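Peer 1: Below is the structure I would like to discuss, written out as structure tokens.
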Amino acid sequence: MATGPFDSAPRPFSRVMVANRGEIAVRILKAAREAGLGSVAVFSDADAGSLHVEVADEAIHIPGESLAETYLNSEALISAALSSGADAIHPGYGFLSERSDFAVAVAEAGLVWIGPPANAISTMGDKISARVRMIESGVQVIPGEELTVPDGVDHLGALATCAARVGYPLLLKASAGGGGKGMRAVSEPKLLRTEYEAASREASAAFGDGTIYVEHLLTGVRHVEVQVLADSQGNCIHLNERDCSLQRRHQKVLEEAPSPAVEHELRQAMGAAAVKAAQAVGYEGAGTVEFLLSSNGDFYFLEMNTRLQVEHPVTEMTTGIDLVLKQFEVAAGLPLGITQDDVGISGHAIEARVYAEDAARGFLPCVGKISMWKVPQGPGIRVDSGFRQGDTVTIDFDPMLAKLIVHAPTRRAALRRLDTALSDFIALGVTTNIDFLRDVAAHHTFASGSVTTDFLDSSDVSTLSMPEADPTVLVAVASAAQRLGLERTPSTGDPDSSDEHTGHSGDPFRTLTRSFP
Amino acid sequence: MEWSVVEGAGRYTVRVSDSDGHLKVSSMQFDGSSVNPPDISISRADQRGQLKVEVSGASHLTHVAKVGDDWWIHMNGRTYVVRMHEPGSSEAESVQGGMSAPMPGTILEILVKQGQRVREGQTLLVMEAMKMEHRIQAPRAGEVTKLHYSVGDRVDMGATLVEIGD
């Protein structure tokens, strides 16, 4: 039997199951293999042919179509781990990654949980208890009020009173929320009811908990988050900040490290606050403390994400530290092996989230088969994706196609590299936001590093776009392609690709602008 | 064959001539009137799905893929869609006033009644799709002539949700 890297660690494990899908499952499964660990993937019916299934040593089918039956089914996931001989579970992000009951169940099944302690997840996962704990620990929080309403009481009445005290504009947040879901801005009292109902519906649908709390809406602020790493021996360090100020409806669009708004002293202060926040909940592993940074340098605790973040690669590129590997080591009970002084900043990294969505139609998610897929390559370019040419983008899952991460010596060079890489990113057959990402990255407000979180929501997106190509050239190209018989594009994956030639069932573009009777 | 670049904005017809594998535009019309494209020459490139496009002397390696009636074109770092139409075929019904579902989902709320006058941009109904709420707004002012669904109904992408008359 081969020896594993953690055989003699305090909490040994040798085979990791990733309870996730898509790009993050691919990322973690590859990291496991690189670390000399076995890797196990899980997949639902819809994911039978997905990339993450291919990159694992073994893949376990969890029957079912709905998320509740599959990626949110902790019982089925744990038995899949046990049956595959996996002795550790990595939850990735999303799904069950921030569910403390899952962390507990994994440990009770005798498996190593690659994540923070369950009580750290639950304290930080509940936005109200997180706020209270931060106030107790001396970490500054956003002015606002916790609102606990017992069942059966008139939520709206209590909410209106509370809202009046906090003052408008305000932000309604689901206590169990995150990722922009269950979060609504309210500019004036008469909109409170509609926004509350929408927020609470989204929150109940996404998290099964409709509790809301009220926070003063800070405007003209930046979203700056600090990556922390802690081990089980009491060492806790920070890996500098990421700036995720470019957002649309609280969804991050571009993320970068370091922040153009953070100088050395502020970095130390924010880092120290992040470490304090992590230590206040006895954190272990990789986590992110999110802050809002105002223009005068004051920063306020927003929330802590007790998991790996989507945008973790920009930290990896600028610090040279593999966060997933560190998660493995900490889960095995090993010390961090690095101190705060070992953490530097090398150059500048930017991540662009490539989504199947139509910027021209209100960013509606798009579906379809990826007929051509060529991702950019070259020095300082990294693409994390769970998609390949021939794969189909469906409504079953998040429409993120890939993360493009660029790294260069300076921010200016990174911006140029980003633009070039985006222009070389070819995804045909499904509408993507790639052109939008280019426009936004080239916009002088982003280029100058002065974007605040309200920039995209207060901008007319159409004014960002660059001039269109000459339509007569496009028509000439299309008719030439038709004439030259280029319909048959290279297509891997589904061998039954008759759909793309006939345009019959399975081809959503037949129906995009046509209506059914 | 007719071609459109922007939905509903008009149709192109084009004649191309082939000289030794280099395609050139011999004539082009937009909605019946002659237009003059720049000097352009198009030939196959090394790989499938690639074209070499020379426009006024500048060469661009262009990637194309056909999905249904649409030619997807990646040229100069941007992606475009050119749609092919049978000559004389009419525009999609949706352009004529039907509001269709932009994606599959569930109807959460209907904010208008049949017969009600609505103004342009007014929210007609709220859909839930991909776990987010989407507000479907009136493309123009008019009277709601038909509501096709009720709250809680699941709808397919492209399904007509609301019809608006004058």
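Here's how to read the names in the structure tokens: chain A, B, ... by the order shown, residue numbers from 1 in each chain, ligand numbers from 1 in the order shown.
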If we count only C-alpha atoms and set the cut-off at 10 Å, which residues sit around A:Glu290, ignoring sequence neighbours fewer than 6 positions away in its own chain? Please answer as a PyMOL selection string.

Peer 2: chain A and resi 223-227+241-244+270+274+299-305

Peer 1: Take the selection from the previous step and output its residues with N, CA and C atoms, as a tab-separated table (two decimals), in the first residue's frame.

Peer 2:
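Once everything was written out, this is again-v4.tsv:
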```tsv
chain	number	residue	atom	x	y	z
A	223	HIS	N	-16.07	46.72	-1.29
A	223	HIS	CA	-16.13	45.40	-0.66
A	223	HIS	C	-14.70	44.87	-0.64
A	224	VAL	N	-14.14	44.80	0.55
A	224	VAL	CA	-12.78	44.29	0.69
A	224	VAL	C	-12.82	43.15	1.70
A	225	GLU	N	-12.32	42.00	1.31
A	225	GLU	CA	-12.39	40.83	2.18
A	225	GLU	C	-10.98	40.31	2.45
A	226	VAL	N	-10.82	39.71	3.62
A	226	VAL	CA	-9.50	39.24	4.02
A	226	VAL	C	-9.53	37.71	4.13
A	227	GLN	N	-8.57	37.08	3.47
A	227	GLN	CA	-8.43	35.62	3.55
A	227	GLN	C	-7.71	35.28	4.84
A	241	GLU	N	-5.78	40.96	1.40
A	241	GLU	CA	-7.17	41.20	1.03
A	241	GLU	C	-7.45	40.90	-0.43
A	242	ARG	N	-8.74	40.80	-0.72
A	242	ARG	CA	-9.24	40.79	-2.10
A	242	ARG	C	-10.26	41.90	-2.19
A	243	ASP	N	-10.25	42.59	-3.32
A	243	ASP	CA	-11.22	43.65	-3.53
A	243	ASP	C	-12.27	43.14	-4.50
A	244	CYS	N	-13.51	43.10	-4.05
A	244	CYS	CA	-14.61	42.59	-4.88
A	244	CYS	C	-15.67	43.68	-5.02
A	270	MET	N	-6.82	45.72	8.80
A	270	MET	CA	-7.90	44.84	8.36
A	270	MET	C	-7.52	43.38	8.61
A	274	ALA	N	-9.52	40.74	10.90
A	274	ALA	CA	-9.98	39.46	10.34
A	274	ALA	C	-9.51	38.30	11.21
A	299	PHE	N	-13.57	50.62	8.28
A	299	PHE	CA	-14.09	49.38	7.70
A	299	PHE	C	-14.99	48.68	8.70
A	300	TYR	N	-16.00	48.00	8.15
A	300	TYR	CA	-17.03	47.37	8.97
A	300	TYR	C	-17.17	45.90	8.60
A	301	PHE	N	-17.29	45.06	9.60
A	301	PHE	CA	-17.50	43.63	9.38
A	301	PHE	C	-18.83	43.40	8.67
A	302	LEU	N	-18.78	42.64	7.58
A	302	LEU	CA	-19.99	42.34	6.82
A	302	LEU	C	-20.45	40.93	7.16
A	303	GLU	N	-19.58	39.97	6.91
A	303	GLU	CA	-19.87	38.58	7.29
A	303	GLU	C	-18.59	37.78	7.14
A	304	MET	N	-18.63	36.56	7.71
A	304	MET	CA	-17.50	35.67	7.49
A	304	MET	C	-18.01	34.47	6.71
A	305	ASN	N	-17.32	34.14	5.64
A	305	ASN	CA	-17.65	32.95	4.87
A	305	ASN	C	-16.75	31.82	5.33
```

Peer 1: So which residues touch B:Gly105 within 10 Å, counting only C-alpha atoms, skipping near sequence neighbours fewer than 2 positions away, as a list in words?

Peer 2: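 Residues near the query, excluding close chain neighbours: Ile395 of chain A; Ala101, Pro102, Met103, Ile107, Leu108, Met127, Glu128, Ala129, Met130, Lys131, Met132, Glu133, His134, Gly152, Asp153, Arg154, Val155, Asp156 and Met157 of chain B.
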
Peer 1: Leaving out B:Leu111 and any residue of its chain fewer than 2 positions from it, which residues lie within 12 Å of it when counting only C-alpha atoms, given as a list in words?

Peer 2: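 Residues near the query, excluding close chain neighbours: Thr194 of chain A; Ile107, Leu108, Glu109, Lys113, Gln114, Gln116, Arg117, Val118, Gln122, Thr123, Leu124, Leu125, Val126, Met127, Arg135, Ile136, Gln137, Ala138, Val144, Leu147, Ser150, Val151 and Val162 of chain B.
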
Peer 1: Would you export the selected residues with N, CA, C and O atoms as a compact mmCIF listing (two decimals), in the first residue's frame, please?

Peer 2:
```txt
# COMPACT_ATOMS: atom_id res chain seq x y z
N THR A 194 -43.00 45.25 -0.32
CA THR A 194 -42.63 44.45 -1.51
C THR A 194 -41.25 43.84 -1.36
O THR A 194 -41.04 42.66 -1.66
N ILE B 107 -44.06 31.02 -12.21
CA ILE B 107 -44.70 32.33 -12.04
C ILE B 107 -44.94 32.55 -10.55
O ILE B 107 -45.60 31.75 -9.89
N LEU B 108 -44.39 33.63 -10.02
CA LEU B 108 -44.54 33.93 -8.60
C LEU B 108 -45.70 34.87 -8.34
O LEU B 108 -46.45 34.71 -7.40
N GLU B 109 -45.82 35.89 -9.17
CA GLU B 109 -46.81 36.93 -8.91
C GLU B 109 -47.28 37.48 -10.24
O GLU B 109 -46.47 37.66 -11.15
N LYS B 113 -54.15 42.72 -14.55
CA LYS B 113 -55.36 41.96 -14.88
C LYS B 113 -55.64 42.09 -16.38
O LYS B 113 -55.20 43.04 -17.03
N GLN B 114 -56.39 41.16 -16.90
CA GLN B 114 -56.79 41.24 -18.29
C GLN B 114 -57.61 42.52 -18.51
O GLN B 114 -58.45 42.85 -17.69
N GLN B 116 -56.41 45.48 -18.40
CA GLN B 116 -55.77 46.63 -17.75
C GLN B 116 -54.83 47.35 -18.72
O GLN B 116 -54.15 46.74 -19.52
N ARG B 117 -54.80 48.70 -18.64
CA ARG B 117 -53.84 49.47 -19.42
C ARG B 117 -52.51 49.47 -18.67
O ARG B 117 -52.48 49.65 -17.46
N VAL B 118 -51.44 49.27 -19.40
CA VAL B 118 -50.12 49.31 -18.75
C VAL B 118 -49.24 50.30 -19.50
O VAL B 118 -49.44 50.56 -20.68
N GLN B 122 -43.66 48.93 -17.15
CA GLN B 122 -44.39 48.51 -15.96
C GLN B 122 -44.19 47.01 -15.73
O GLN B 122 -44.19 46.21 -16.67
N THR B 123 -44.00 46.62 -14.47
CA THR B 123 -43.81 45.21 -14.17
C THR B 123 -45.15 44.48 -14.29
O THR B 123 -46.15 44.88 -13.69
N LEU B 124 -45.16 43.44 -15.13
CA LEU B 124 -46.40 42.70 -15.39
C LEU B 124 -46.51 41.50 -14.47
O LEU B 124 -47.55 41.19 -13.92
N LEU B 125 -45.41 40.79 -14.34
CA LEU B 125 -45.40 39.64 -13.45
C LEU B 125 -43.99 39.37 -12.97
O LEU B 125 -43.03 39.90 -13.51
N VAL B 126 -43.91 38.54 -11.94
CA VAL B 126 -42.62 38.18 -11.37
C VAL B 126 -42.44 36.68 -11.54
O VAL B 126 -43.33 35.90 -11.22
N MET B 127 -41.30 36.32 -12.10
CA MET B 127 -40.96 34.91 -12.29
C MET B 127 -39.81 34.53 -11.38
O MET B 127 -38.96 35.36 -11.09
N ARG B 135 -38.32 40.25 -12.88
CA ARG B 135 -39.54 41.01 -13.16
C ARG B 135 -39.72 41.12 -14.66
O ARG B 135 -38.83 41.56 -15.37
N ILE B 136 -40.88 40.71 -15.13
CA ILE B 136 -41.17 40.80 -16.55
C ILE B 136 -41.90 42.12 -16.78
O ILE B 136 -42.95 42.36 -16.20
N GLN B 137 -41.32 42.96 -17.64
CA GLN B 137 -41.87 44.29 -17.81
C GLN B 137 -42.47 44.48 -19.20
O GLN B 137 -42.08 43.80 -20.15
N ALA B 138 -43.41 45.39 -19.28
CA ALA B 138 -44.07 45.65 -20.56
C ALA B 138 -43.10 46.30 -21.52
O ALA B 138 -42.44 47.28 -21.17
N VAL B 144 -53.60 44.91 -21.63
CA VAL B 144 -53.35 43.48 -21.46
C VAL B 144 -54.52 42.73 -22.08
O VAL B 144 -55.65 42.82 -21.60
N LEU B 147 -53.72 36.86 -20.44
CA LEU B 147 -52.75 36.32 -19.48
C LEU B 147 -52.78 34.81 -19.65
O LEU B 147 -53.83 34.19 -19.51
N SER B 150 -51.14 31.25 -14.52
CA SER B 150 -51.53 31.66 -13.17
C SER B 150 -50.33 31.51 -12.24
O SER B 150 -49.34 30.84 -12.59
N VAL B 151 -50.48 32.09 -11.06
CA VAL B 151 -49.41 32.00 -10.06
C VAL B 151 -49.13 30.53 -9.75
O VAL B 151 -50.05 29.74 -9.58
N VAL B 162 -47.81 36.98 -21.50
CA VAL B 162 -48.81 38.04 -21.51
C VAL B 162 -48.89 38.58 -22.94
O VAL B 162 -47.86 38.65 -23.62
```

Peer 1: Near A:Asp322, within 10 Å and counting only C-alpha atoms, which residues show up once chain neighbours fewer than 6 positions away are dropped, as a ChimeraX atom specification?

Peer 2: /A:31,312-313,315-316

Peer 1: Take the residues just selected and output them with N, CA and C atoms as a short mmCIF file (atom, residue, chain, number, x, y, z; two decimals), in the first residue's frame.

Peer 2:
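Written output follows (result-v5.cif):
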```cif
data_model
loop_
_atom_site.label_atom_id
_atom_site.label_comp_id
_atom_site.auth_asym_id
_atom_site.auth_seq_id
_atom_site.Cartn_x
_atom_site.Cartn_y
_atom_site.Cartn_z
N ALA A 31 -6.41 19.00 -6.80
CA ALA A 31 -5.50 19.30 -5.69
C ALA A 31 -5.25 18.04 -4.86
N HIS A 312 -10.99 32.62 -4.50
CA HIS A 312 -9.75 32.31 -3.80
C HIS A 312 -8.51 32.31 -4.70
N PRO A 313 -8.64 32.05 -6.02
CA PRO A 313 -7.41 32.01 -6.83
C PRO A 313 -6.61 33.31 -6.85
N THR A 315 -5.91 35.22 -4.47
CA THR A 315 -5.02 35.17 -3.31
C THR A 315 -3.90 34.16 -3.55
N GLU A 316 -4.25 33.04 -4.16
CA GLU A 316 -3.23 32.03 -4.46
C GLU A 316 -2.18 32.58 -5.42
#
```

Peer 1: Would you please give, as a PyMOL selection string, all residues of stretch 147-348 of chain A that DSSP assigns to alpha helix (DSSP H) based on the backbone?

Peer 2: chain A and resi 155-166+192-207+264-280+312-319+323-331

Peer 1: Using only C-alpha atoms, find the one residue out of A:Phe425, A:Tyr355, A:Tyr93, A:Phe291 that sits nearest to chain B.

Peer 2: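 Checking each candidate against chain B, we get A:Phe425 as the closest.
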
Peer 1: For a test of reading the model, state the distance in Å between atom CA of B:Gln47 and atom CA of A:Ile426, rounded to one decimal.

Peer 2: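 Straight-line distance from atom CA of B:Gln47 to atom CA of A:Ile426 works out to 14.3 Å.
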
Peer 1: Pick out the residues sitting within 12 Å of B:Thr79, and hand them over as a count of residues only; count only C-alpha atoms, and ignore anything fewer than 4 positions along from it in its own chain.

Peer 2: 31

Peer 1: Give me, as a VMD selection string, all polymer residues having an atom no more than 8 Å from A:Ala32, counting only C-alpha atoms and skipping those fewer than 5 positions away in the same chain.

Peer 2: chain A and resid 16 37 to 39 325

Peer 1: Could you work out how far atom CA of A:Trp373 lies from atom CA of A:Glu65, giving the answer in Å with one decimal?

Peer 2: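 Here the two named atoms are 26.2 Å from each other.
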
Peer 1: Would you list, as a count of residues only, the residues of stretch 2-156 of chain B that end up in strand (DSSP E) under DSSP run on this structure's backbone?

Peer 2: 90

Peer 1: Just want the 9 Å neighbourhood of stretch 15-24 of chain B, counted on only C-alpha atoms, with same-chain residues fewer than 3 positions away dropped. Output as a PyMOL selection string.

Peer 2: (chain A and resi 476+479-480+483-484) or (chain B and resi 27-28+39-44)

Peer 1: Produce a file of the selected residues containing N, CA, C and O atoms, as a PDB file, in the first residue's frame.

Peer 2:
```pdb
ATOM      1  N   ALA A 476     -21.322  39.051 -44.147  1.00  0.00           N
ATOM      2  CA  ALA A 476     -20.425  38.426 -45.124  1.00  0.00           C
ATOM      3  C   ALA A 476     -19.777  37.176 -44.537  1.00  0.00           C
ATOM      4  O   ALA A 476     -19.682  36.132 -45.198  1.00  0.00           O
ATOM      5  N   SER A 479     -22.432  34.353 -44.246  1.00  0.00           N
ATOM      6  CA  SER A 479     -22.808  33.744 -45.526  1.00  0.00           C
ATOM      7  C   SER A 479     -21.634  32.968 -46.117  1.00  0.00           C
ATOM      8  O   SER A 479     -21.826  31.922 -46.741  1.00  0.00           O
ATOM      9  N   ALA A 480     -20.415  33.427 -45.875  1.00  0.00           N
ATOM     10  CA  ALA A 480     -19.244  32.678 -46.334  1.00  0.00           C
ATOM     11  C   ALA A 480     -19.132  31.351 -45.590  1.00  0.00           C
ATOM     12  O   ALA A 480     -18.838  30.310 -46.181  1.00  0.00           O
ATOM     13  N   ARG A 483     -21.650  29.072 -46.990  1.00  0.00           N
ATOM     14  CA  ARG A 483     -21.241  28.650 -48.330  1.00  0.00           C
ATOM     15  C   ARG A 483     -20.124  27.604 -48.270  1.00  0.00           C
ATOM     16  O   ARG A 483     -20.108  26.649 -49.026  1.00  0.00           O
ATOM     17  N   LEU A 484     -19.208  27.782 -47.311  1.00  0.00           N
ATOM     18  CA  LEU A 484     -18.071  26.859 -47.183  1.00  0.00           C
ATOM     19  C   LEU A 484     -18.436  25.606 -46.392  1.00  0.00           C
ATOM     20  O   LEU A 484     -17.599  24.734 -46.171  1.00  0.00           O
TER      21      LEU A 484
ATOM     22  N   SER B  27     -22.415  41.652 -54.017  1.00  0.00           N
ATOM     23  CA  SER B  27     -23.418  42.689 -53.760  1.00  0.00           C
ATOM     24  C   SER B  27     -24.113  42.395 -52.441  1.00  0.00           C
ATOM     25  O   SER B  27     -24.152  41.252 -51.990  1.00  0.00           O
ATOM     26  N   MET B  28     -24.626  43.442 -51.805  1.00  0.00           N
ATOM     27  CA  MET B  28     -25.337  43.268 -50.540  1.00  0.00           C
ATOM     28  C   MET B  28     -26.469  44.279 -50.465  1.00  0.00           C
ATOM     29  O   MET B  28     -26.310  45.431 -50.874  1.00  0.00           O
ATOM     30  N   ASP B  39     -14.034  46.314 -48.359  1.00  0.00           N
ATOM     31  CA  ASP B  39     -13.358  45.284 -49.151  1.00  0.00           C
ATOM     32  C   ASP B  39     -13.061  44.090 -48.243  1.00  0.00           C
ATOM     33  O   ASP B  39     -12.388  44.224 -47.220  1.00  0.00           O
ATOM     34  N   ILE B  40     -13.601  42.933 -48.604  1.00  0.00           N
ATOM     35  CA  ILE B  40     -13.511  41.795 -47.693  1.00  0.00           C
ATOM     36  C   ILE B  40     -13.237  40.513 -48.473  1.00  0.00           C
ATOM     37  O   ILE B  40     -13.756  40.319 -49.579  1.00  0.00           O
ATOM     38  N   SER B  41     -12.370  39.676 -47.888  1.00  0.00           N
ATOM     39  CA  SER B  41     -12.035  38.398 -48.509  1.00  0.00           C
ATOM     40  C   SER B  41     -11.978  37.334 -47.411  1.00  0.00           C
ATOM     41  O   SER B  41     -11.324  37.525 -46.388  1.00  0.00           O
ATOM     42  N   ILE B  42     -12.694  36.229 -47.637  1.00  0.00           N
ATOM     43  CA  ILE B  42     -12.824  35.213 -46.583  1.00  0.00           C
ATOM     44  C   ILE B  42     -12.393  33.861 -47.130  1.00  0.00           C
ATOM     45  O   ILE B  42     -12.819  33.454 -48.219  1.00  0.00           O
ATOM     46  N   SER B  43     -11.545  33.176 -46.357  1.00  0.00           N
ATOM     47  CA  SER B  43     -11.129  31.835 -46.789  1.00  0.00           C
ATOM     48  C   SER B  43     -11.052  30.910 -45.574  1.00  0.00           C
ATOM     49  O   SER B  43     -11.050  31.368 -44.433  1.00  0.00           O
ATOM     50  N   ARG B  44     -11.012  29.628 -45.836  1.00  0.00           N
ATOM     51  CA  ARG B  44     -10.877  28.645 -44.764  1.00  0.00           C
ATOM     52  C   ARG B  44      -9.536  28.811 -44.061  1.00  0.00           C
ATOM     53  O   ARG B  44      -8.540  29.115 -44.689  1.00  0.00           O
TER      54      ARG B  44
END
```

Peer 1: Can you work out the spacing between atom CA of A:Arg99 and atom CA of A:Leu170 in Å, to one decimal?

Peer 2: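 The value is 27.8 Å.
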